[in-house]
Each structure stands twice: as structure tokens, then as C-alpha cells.
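Here's structure31.txt, which has compact mmCIF, all heavy atoms:
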```txt
# COMPACT_ATOMS: atom_id res chain seq x y z
N MET A 252 228.43 -33.08 -17.94
CA MET A 252 227.90 -31.74 -17.80
C MET A 252 228.65 -30.76 -18.69
O MET A 252 228.09 -29.84 -19.22
CB MET A 252 227.96 -31.31 -16.34
CG MET A 252 227.22 -30.05 -16.08
SD MET A 252 226.99 -29.94 -14.32
CE MET A 252 226.06 -28.48 -14.24
N ASN A 253 229.92 -30.98 -18.89
CA ASN A 253 230.69 -30.10 -19.77
C ASN A 253 230.29 -30.27 -21.23
O ASN A 253 230.37 -29.33 -22.00
CB ASN A 253 232.19 -30.38 -19.62
CG ASN A 253 232.73 -29.83 -18.31
OD1 ASN A 253 232.12 -28.95 -17.71
ND2 ASN A 253 233.87 -30.36 -17.88
N THR A 254 229.87 -31.47 -21.60
CA THR A 254 229.50 -31.69 -23.00
C THR A 254 228.25 -30.90 -23.37
O THR A 254 228.14 -30.43 -24.49
CB THR A 254 229.27 -33.18 -23.28
OG1 THR A 254 228.25 -33.66 -22.40
CG2 THR A 254 230.54 -33.98 -23.09
N ASN A 255 227.30 -30.74 -22.44
CA ASN A 255 226.11 -29.95 -22.74
C ASN A 255 226.45 -28.48 -22.95
O ASN A 255 225.96 -27.84 -23.86
CB ASN A 255 225.07 -30.08 -21.62
CG ASN A 255 224.39 -31.42 -21.64
OD1 ASN A 255 224.39 -32.10 -22.66
ND2 ASN A 255 223.81 -31.81 -20.52
N SER A 256 227.31 -27.93 -22.09
CA SER A 256 227.67 -26.53 -22.24
C SER A 256 228.51 -26.32 -23.50
O SER A 256 228.40 -25.30 -24.17
CB SER A 256 228.41 -26.02 -21.00
OG SER A 256 229.63 -26.72 -20.84
N GLU A 257 229.37 -27.29 -23.83
CA GLU A 257 230.15 -27.17 -25.06
C GLU A 257 229.24 -27.23 -26.29
O GLU A 257 229.45 -26.50 -27.25
CB GLU A 257 231.21 -28.27 -25.13
CG GLU A 257 232.34 -28.09 -24.15
CD GLU A 257 233.30 -29.26 -24.15
OE1 GLU A 257 233.12 -30.18 -24.98
OE2 GLU A 257 234.24 -29.25 -23.34
N THR A 258 228.24 -28.10 -26.27
CA THR A 258 227.30 -28.20 -27.38
C THR A 258 226.51 -26.90 -27.52
O THR A 258 226.31 -26.42 -28.62
CB THR A 258 226.34 -29.38 -27.16
OG1 THR A 258 227.10 -30.56 -26.96
CG2 THR A 258 225.43 -29.57 -28.35
N LYS A 259 226.08 -26.34 -26.41
CA LYS A 259 225.35 -25.06 -26.47
C LYS A 259 226.24 -23.96 -27.01
O LYS A 259 225.79 -23.11 -27.78
CB LYS A 259 224.82 -24.69 -25.09
CG LYS A 259 223.65 -25.53 -24.65
CD LYS A 259 223.11 -25.06 -23.31
CE LYS A 259 221.95 -25.91 -22.89
NZ LYS A 259 221.38 -25.47 -21.60
N ASN A 260 227.51 -23.95 -26.63
CA ASN A 260 228.43 -22.94 -27.15
C ASN A 260 228.64 -23.10 -28.65
O ASN A 260 228.71 -22.13 -29.38
CB ASN A 260 229.77 -23.00 -26.42
CG ASN A 260 229.69 -22.47 -25.00
OD1 ASN A 260 228.76 -21.73 -24.67
ND2 ASN A 260 230.64 -22.87 -24.18
N GLU A 261 228.75 -24.36 -29.09
CA GLU A 261 228.92 -24.60 -30.52
C GLU A 261 227.67 -24.19 -31.29
O GLU A 261 227.76 -23.59 -32.35
CB GLU A 261 229.24 -26.07 -30.77
CG GLU A 261 230.62 -26.48 -30.31
CD GLU A 261 230.86 -27.97 -30.48
OE1 GLU A 261 230.01 -28.64 -31.09
OE2 GLU A 261 231.89 -28.45 -29.99
N VAL A 262 226.50 -24.50 -30.77
CA VAL A 262 225.26 -24.14 -31.44
C VAL A 262 225.11 -22.63 -31.48
O VAL A 262 224.76 -22.06 -32.50
CB VAL A 262 224.05 -24.80 -30.74
CG1 VAL A 262 222.75 -24.24 -31.27
CG2 VAL A 262 224.11 -26.30 -30.94
N SER A 263 225.42 -21.96 -30.38
CA SER A 263 225.29 -20.51 -30.38
C SER A 263 226.32 -19.87 -31.32
O SER A 263 226.04 -18.86 -31.94
CB SER A 263 225.42 -19.95 -28.97
OG SER A 263 226.73 -20.19 -28.47
N ALA A 264 227.48 -20.48 -31.45
CA ALA A 264 228.48 -19.95 -32.37
C ALA A 264 228.00 -20.11 -33.81
O ALA A 264 228.19 -19.21 -34.63
CB ALA A 264 229.81 -20.67 -32.17
N VAL A 265 227.37 -21.23 -34.12
CA VAL A 265 226.84 -21.45 -35.46
C VAL A 265 225.71 -20.46 -35.73
O VAL A 265 225.64 -19.86 -36.81
CB VAL A 265 226.35 -22.91 -35.63
CG1 VAL A 265 225.57 -23.07 -36.91
CG2 VAL A 265 227.54 -23.86 -35.59
N GLN A 266 224.83 -20.27 -34.76
CA GLN A 266 223.74 -19.31 -34.93
C GLN A 266 224.27 -17.90 -35.08
O GLN A 266 223.76 -17.12 -35.87
CB GLN A 266 222.78 -19.39 -33.74
CG GLN A 266 221.96 -20.65 -33.71
CD GLN A 266 221.12 -20.76 -32.45
OE1 GLN A 266 221.35 -20.07 -31.48
NE2 GLN A 266 220.13 -21.65 -32.50
N GLU A 267 225.31 -17.57 -34.33
CA GLU A 267 225.90 -16.24 -34.43
C GLU A 267 226.52 -16.03 -35.81
O GLU A 267 226.37 -14.95 -36.41
CB GLU A 267 226.96 -16.08 -33.35
CG GLU A 267 227.53 -14.69 -33.25
CD GLU A 267 228.49 -14.53 -32.10
OE1 GLU A 267 228.47 -15.36 -31.18
OE2 GLU A 267 229.27 -13.57 -32.14
N THR A 268 227.16 -17.04 -36.35
CA THR A 268 227.75 -16.94 -37.68
C THR A 268 226.66 -16.76 -38.73
O THR A 268 226.80 -15.93 -39.63
CB THR A 268 228.60 -18.19 -37.99
OG1 THR A 268 229.59 -18.32 -36.98
CG2 THR A 268 229.24 -18.08 -39.34
N LYS A 269 225.58 -17.52 -38.61
CA LYS A 269 224.47 -17.40 -39.57
C LYS A 269 223.83 -16.01 -39.48
O LYS A 269 223.51 -15.41 -40.51
CB LYS A 269 223.42 -18.47 -39.31
CG LYS A 269 223.84 -19.85 -39.76
CD LYS A 269 222.74 -20.86 -39.51
CE LYS A 269 223.17 -22.25 -39.91
NZ LYS A 269 222.11 -23.25 -39.65
N ALA A 270 223.66 -15.50 -38.28
CA ALA A 270 223.08 -14.17 -38.10
C ALA A 270 223.99 -13.11 -38.71
O ALA A 270 223.52 -12.17 -39.36
CB ALA A 270 222.84 -13.89 -36.63
N PHE A 271 225.30 -13.23 -38.49
CA PHE A 271 226.25 -12.28 -39.06
C PHE A 271 226.19 -12.30 -40.58
O PHE A 271 226.17 -11.24 -41.22
CB PHE A 271 227.67 -12.60 -38.58
CG PHE A 271 228.71 -11.78 -39.27
CD1 PHE A 271 228.89 -10.45 -38.96
CD2 PHE A 271 229.51 -12.34 -40.26
CE1 PHE A 271 229.85 -9.69 -39.60
CE2 PHE A 271 230.47 -11.59 -40.91
CZ PHE A 271 230.64 -10.26 -40.58
N LEU A 272 226.16 -13.48 -41.17
CA LEU A 272 226.10 -13.59 -42.62
C LEU A 272 224.79 -13.02 -43.16
O LEU A 272 224.78 -12.34 -44.19
CB LEU A 272 226.27 -15.04 -43.07
CG LEU A 272 227.68 -15.60 -42.88
CD1 LEU A 272 227.70 -17.10 -43.22
CD2 LEU A 272 228.69 -14.85 -43.72
N LEU A 273 223.69 -13.27 -42.47
CA LEU A 273 222.41 -12.73 -42.89
C LEU A 273 222.44 -11.21 -42.88
O LEU A 273 222.00 -10.56 -43.83
CB LEU A 273 221.29 -13.25 -41.98
CG LEU A 273 219.90 -12.70 -42.27
CD1 LEU A 273 219.40 -13.28 -43.58
CD2 LEU A 273 218.96 -13.02 -41.14
N ILE A 274 222.98 -10.64 -41.84
CA ILE A 274 223.03 -9.18 -41.73
C ILE A 274 224.00 -8.60 -42.76
O ILE A 274 223.67 -7.64 -43.45
CB ILE A 274 223.43 -8.77 -40.30
CG1 ILE A 274 222.29 -9.10 -39.34
CG2 ILE A 274 223.76 -7.29 -40.23
CD1 ILE A 274 222.65 -8.96 -37.89
N SER A 275 225.19 -9.16 -42.85
CA SER A 275 226.21 -8.56 -43.71
C SER A 275 225.99 -8.82 -45.20
O SER A 275 226.39 -8.01 -46.03
CB SER A 275 227.60 -9.06 -43.31
OG SER A 275 227.70 -10.44 -43.50
N VAL A 276 225.37 -9.94 -45.55
CA VAL A 276 225.19 -10.28 -46.96
C VAL A 276 223.84 -9.81 -47.49
O VAL A 276 223.74 -9.39 -48.64
CB VAL A 276 225.38 -11.80 -47.18
CG1 VAL A 276 225.04 -12.20 -48.60
CG2 VAL A 276 226.80 -12.20 -46.84
N LEU A 277 222.80 -9.86 -46.68
CA LEU A 277 221.46 -9.52 -47.16
C LEU A 277 220.93 -8.19 -46.63
O LEU A 277 220.50 -7.34 -47.41
CB LEU A 277 220.48 -10.64 -46.80
CG LEU A 277 220.69 -11.97 -47.49
CD1 LEU A 277 219.70 -13.00 -46.98
CD2 LEU A 277 220.56 -11.82 -48.99
N ALA A 278 220.93 -8.02 -45.34
CA ALA A 278 220.23 -6.89 -44.74
C ALA A 278 220.87 -5.55 -45.06
O ALA A 278 220.19 -4.63 -45.52
CB ALA A 278 220.13 -7.08 -43.23
N ILE A 279 222.16 -5.41 -44.84
CA ILE A 279 222.82 -4.12 -45.06
C ILE A 279 222.80 -3.71 -46.54
O ILE A 279 222.44 -2.58 -46.85
CB ILE A 279 224.24 -4.13 -44.46
CG1 ILE A 279 224.14 -4.19 -42.94
CG2 ILE A 279 225.02 -2.90 -44.89
CD1 ILE A 279 225.45 -4.33 -42.23
N PRO A 280 223.15 -4.59 -47.48
CA PRO A 280 223.05 -4.19 -48.88
C PRO A 280 221.62 -3.85 -49.31
O PRO A 280 221.41 -2.88 -50.05
CB PRO A 280 223.57 -5.40 -49.66
CG PRO A 280 224.45 -6.10 -48.70
CD PRO A 280 223.83 -5.90 -47.36
N LEU A 281 220.65 -4.61 -48.83
CA LEU A 281 219.26 -4.33 -49.18
C LEU A 281 218.82 -2.97 -48.64
O LEU A 281 218.20 -2.18 -49.36
CB LEU A 281 218.35 -5.43 -48.65
CG LEU A 281 216.87 -5.30 -48.98
CD1 LEU A 281 216.66 -5.37 -50.49
CD2 LEU A 281 216.07 -6.36 -48.28
N LEU A 282 219.15 -2.67 -47.40
CA LEU A 282 218.80 -1.37 -46.82
C LEU A 282 219.52 -0.23 -47.53
O LEU A 282 218.95 0.85 -47.72
CB LEU A 282 219.11 -1.36 -45.33
CG LEU A 282 218.21 -2.23 -44.46
CD1 LEU A 282 218.71 -2.25 -43.03
CD2 LEU A 282 216.78 -1.73 -44.52
N THR A 283 220.75 -0.45 -47.95
CA THR A 283 221.49 0.57 -48.68
C THR A 283 220.83 0.87 -50.02
O THR A 283 220.63 2.04 -50.38
CB THR A 283 222.95 0.12 -48.90
OG1 THR A 283 223.53 -0.15 -47.62
CG2 THR A 283 223.75 1.17 -49.62
N VAL A 284 220.49 -0.16 -50.76
CA VAL A 284 219.85 0.03 -52.06
C VAL A 284 218.49 0.71 -51.89
O VAL A 284 218.14 1.62 -52.65
CB VAL A 284 219.72 -1.32 -52.80
CG1 VAL A 284 218.80 -1.21 -54.01
CG2 VAL A 284 221.09 -1.82 -53.21
N LEU A 285 217.72 0.29 -50.90
CA LEU A 285 216.42 0.92 -50.66
C LEU A 285 216.56 2.38 -50.25
O LEU A 285 215.76 3.22 -50.66
CB LEU A 285 215.65 0.14 -49.59
CG LEU A 285 215.12 -1.22 -50.02
CD1 LEU A 285 214.47 -1.93 -48.84
CD2 LEU A 285 214.14 -1.09 -51.16
N GLY A 286 217.57 2.69 -49.48
CA GLY A 286 217.81 4.08 -49.08
C GLY A 286 218.17 4.96 -50.26
O GLY A 286 217.66 6.08 -50.41
N ILE A 287 219.04 4.48 -51.13
CA ILE A 287 219.44 5.24 -52.31
C ILE A 287 218.26 5.39 -53.27
O ILE A 287 218.03 6.48 -53.82
CB ILE A 287 220.64 4.57 -53.01
CG1 ILE A 287 221.87 4.66 -52.11
CG2 ILE A 287 220.92 5.19 -54.38
CD1 ILE A 287 223.04 3.82 -52.57
N ALA A 288 217.50 4.33 -53.45
CA ALA A 288 216.32 4.40 -54.32
C ALA A 288 215.28 5.37 -53.75
O ALA A 288 214.66 6.14 -54.49
CB ALA A 288 215.71 3.02 -54.50
N GLY A 289 215.10 5.35 -52.44
CA GLY A 289 214.16 6.27 -51.80
C GLY A 289 214.59 7.71 -51.96
O GLY A 289 213.77 8.60 -52.23
N TYR A 290 215.87 7.99 -51.82
CA TYR A 290 216.38 9.35 -52.01
C TYR A 290 216.17 9.80 -53.46
O TYR A 290 215.75 10.93 -53.71
CB TYR A 290 217.86 9.41 -51.64
CG TYR A 290 218.47 10.77 -51.89
CD1 TYR A 290 218.19 11.83 -51.04
CD2 TYR A 290 219.32 10.99 -52.97
CE1 TYR A 290 218.74 13.08 -51.25
CE2 TYR A 290 219.87 12.23 -53.19
CZ TYR A 290 219.58 13.27 -52.33
OH TYR A 290 220.13 14.51 -52.56
N GLY A 291 216.45 8.93 -54.40
CA GLY A 291 216.23 9.26 -55.80
C GLY A 291 214.77 9.53 -56.09
O GLY A 291 214.43 10.45 -56.85
N PHE A 292 213.87 8.77 -55.50
CA PHE A 292 212.44 8.99 -55.68
C PHE A 292 212.02 10.34 -55.12
O PHE A 292 211.23 11.06 -55.74
CB PHE A 292 211.65 7.85 -55.01
CG PHE A 292 210.17 7.98 -55.17
CD1 PHE A 292 209.57 7.66 -56.37
CD2 PHE A 292 209.39 8.44 -54.13
CE1 PHE A 292 208.19 7.79 -56.53
CE2 PHE A 292 208.01 8.57 -54.26
CZ PHE A 292 207.41 8.24 -55.47
N VAL A 293 212.53 10.69 -53.94
CA VAL A 293 212.19 11.99 -53.33
C VAL A 293 212.67 13.13 -54.22
O VAL A 293 211.94 14.10 -54.47
CB VAL A 293 212.78 12.09 -51.91
CG1 VAL A 293 212.71 13.51 -51.38
CG2 VAL A 293 212.06 11.14 -50.98
N VAL A 294 213.89 13.05 -54.74
CA VAL A 294 214.41 14.10 -55.63
C VAL A 294 213.57 14.17 -56.89
O VAL A 294 213.24 15.26 -57.36
CB VAL A 294 215.90 13.82 -55.95
CG1 VAL A 294 216.39 14.74 -57.06
CG2 VAL A 294 216.74 13.99 -54.70
N TRP A 295 213.21 13.05 -57.45
CA TRP A 295 212.40 13.02 -58.65
C TRP A 295 211.04 13.67 -58.41
O TRP A 295 210.57 14.48 -59.22
CB TRP A 295 212.24 11.57 -59.12
CG TRP A 295 211.39 11.38 -60.33
CD1 TRP A 295 211.53 12.00 -61.53
CD2 TRP A 295 210.27 10.51 -60.45
NE1 TRP A 295 210.56 11.55 -62.40
CE2 TRP A 295 209.77 10.65 -61.76
CE3 TRP A 295 209.65 9.62 -59.57
CZ2 TRP A 295 208.68 9.93 -62.21
CZ3 TRP A 295 208.56 8.91 -60.04
CH2 TRP A 295 208.08 9.07 -61.34
N MET A 296 210.40 13.34 -57.30
CA MET A 296 209.10 13.93 -56.98
C MET A 296 209.20 15.43 -56.74
O MET A 296 208.33 16.20 -57.14
CB MET A 296 208.48 13.25 -55.75
CG MET A 296 207.80 11.97 -56.06
SD MET A 296 206.35 12.29 -57.08
CE MET A 296 206.31 10.85 -58.06
N MET A 297 210.27 15.86 -56.06
CA MET A 297 210.45 17.30 -55.83
C MET A 297 210.61 18.04 -57.16
O MET A 297 210.05 19.13 -57.35
CB MET A 297 211.67 17.54 -54.93
CG MET A 297 211.42 17.20 -53.47
SD MET A 297 212.86 17.39 -52.42
CE MET A 297 213.27 19.11 -52.68
N GLN A 298 211.37 17.46 -58.07
CA GLN A 298 211.55 18.11 -59.37
C GLN A 298 210.26 18.07 -60.18
O GLN A 298 209.99 18.99 -60.95
CB GLN A 298 212.69 17.43 -60.15
CG GLN A 298 214.04 17.75 -59.57
CD GLN A 298 215.16 17.10 -60.36
OE1 GLN A 298 214.93 16.32 -61.29
NE2 GLN A 298 216.39 17.42 -59.98
N LEU A 299 209.47 17.05 -60.01
CA LEU A 299 208.19 16.96 -60.70
C LEU A 299 207.23 18.05 -60.22
O LEU A 299 206.54 18.68 -61.01
CB LEU A 299 207.58 15.57 -60.47
CG LEU A 299 206.29 15.25 -61.24
CD1 LEU A 299 206.58 15.15 -62.72
CD2 LEU A 299 205.73 13.93 -60.74
N LEU A 300 207.22 18.29 -58.92
CA LEU A 300 206.31 19.27 -58.34
C LEU A 300 206.83 20.71 -58.42
O LEU A 300 206.06 21.64 -58.63
CB LEU A 300 206.00 18.91 -56.88
CG LEU A 300 205.29 17.58 -56.67
CD1 LEU A 300 205.20 17.27 -55.19
CD2 LEU A 300 203.92 17.59 -57.31
N MET A 301 208.13 20.92 -58.23
CA MET A 301 208.70 22.26 -58.14
C MET A 301 209.46 22.69 -59.38
O MET A 301 209.90 23.82 -59.46
CB MET A 301 209.65 22.33 -56.94
CG MET A 301 208.98 22.09 -55.61
SD MET A 301 210.22 22.20 -54.32
CE MET A 301 209.41 21.29 -53.04
N GLY A 302 209.66 21.78 -60.29
CA GLY A 302 210.43 22.09 -61.49
C GLY A 302 211.89 21.77 -61.28
O GLY A 302 212.35 21.57 -60.17
N PRO A 303 212.63 21.77 -62.38
CA PRO A 303 214.06 21.47 -62.26
C PRO A 303 214.80 22.60 -61.57
O PRO A 303 214.32 23.73 -61.53
CB PRO A 303 214.51 21.32 -63.73
CG PRO A 303 213.50 22.08 -64.52
CD PRO A 303 212.22 22.01 -63.77
N PRO A 304 215.96 22.31 -61.02
CA PRO A 304 216.73 23.38 -60.36
C PRO A 304 217.15 24.43 -61.39
O PRO A 304 217.48 24.11 -62.54
CB PRO A 304 217.93 22.65 -59.78
CG PRO A 304 217.97 21.31 -60.40
CD PRO A 304 216.62 21.02 -60.95
N GLY A 305 217.10 25.67 -60.97
CA GLY A 305 217.46 26.76 -61.89
C GLY A 305 218.66 27.53 -61.39
O GLY A 305 219.30 27.18 -60.40
N HIS A 306 218.97 28.61 -62.09
CA HIS A 306 220.09 29.45 -61.73
C HIS A 306 219.65 30.52 -60.75
O HIS A 306 218.56 31.06 -60.84
CB HIS A 306 220.67 30.12 -62.99
CG HIS A 306 221.21 29.13 -63.96
ND1 HIS A 306 222.43 28.55 -63.79
CD2 HIS A 306 220.70 28.61 -65.10
CE1 HIS A 306 222.65 27.73 -64.80
NE2 HIS A 306 221.61 27.74 -65.62
N PHE A 307 220.52 30.85 -59.81
CA PHE A 307 220.21 31.91 -58.84
C PHE A 307 221.15 33.05 -59.03
O PHE A 307 222.28 33.01 -59.14
CB PHE A 307 220.29 31.37 -57.41
CG PHE A 307 219.13 30.49 -57.08
CD1 PHE A 307 219.27 29.11 -57.03
CD2 PHE A 307 217.90 31.04 -56.79
CE1 PHE A 307 218.21 28.30 -56.73
CE2 PHE A 307 216.82 30.23 -56.46
CZ PHE A 307 216.97 28.86 -56.42
```
Output the structure of this file as C-alpha cells.
Amino acid sequence: MNTNSETKNEVSAVQETKAFLLISVLAIPLLTVLGIAGYGFVVWMMQLLMGPPGHF
């Protein structure tokens, strides 16, 4: 009975490690790049519609 619980713990630890690597290596960098690109697009569109920033 202990071997089944140990196997489940090992499998869940492996799954947890894979999930952590997926999030830290792929998801967070991808979301960061998309966020920065989205902000740049918004600024570009605002300048296209309203003109470049001027002096006040």
C-alpha cells in the first residue's frame, strides 16, 4: 500500500516539475513579450490617430 502512494507522489512531483518548467520557460516570457508588443502597438496607433507628442 505504501508503494502506490509513493508512486503517486513521485508522479505528481514529476508533473509539478513539468508544469513549473512550462510556466517559467514558456508562459511567462511569452506573456511578457506579448504585453510589451501590445503596449507598443497601442502607442503607435495613438500617435497615428492623434499625431506625435508635442510641446506644451
**OP:** State, in Å with one decimal place, the distance from atom CA of Met297 of chain A to atom CA of Thr283 of chain A.
**Re:**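 Taking atom CA of Met297 of chain A as the start and atom CA of Thr283 of chain A as the end point, the length is 21.3 Å.
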**OP:** To one decimal in Å, tell me the separation between atom CA of Lys259 of chain A and atom CA of Val276 of chain A.
**Re:**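 Result for atom CA of Lys259 of chain A versus atom CA of Val276 of chain A: 25.3 Å, one decimal.
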**OP:** To one decimal in Å, tell me the separation between atom O of Leu281 of chain A and atom C of Ser263 of chain A.
**Re:**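 That distance, rounded to one decimal, is 26.5 Å.
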Original post:
DSSP on the backbone: what in chain A comes out alpha helix (DSSP H), as an MDAnalysis selection string?
Top reply: chainID A and resid 253:272 279:301
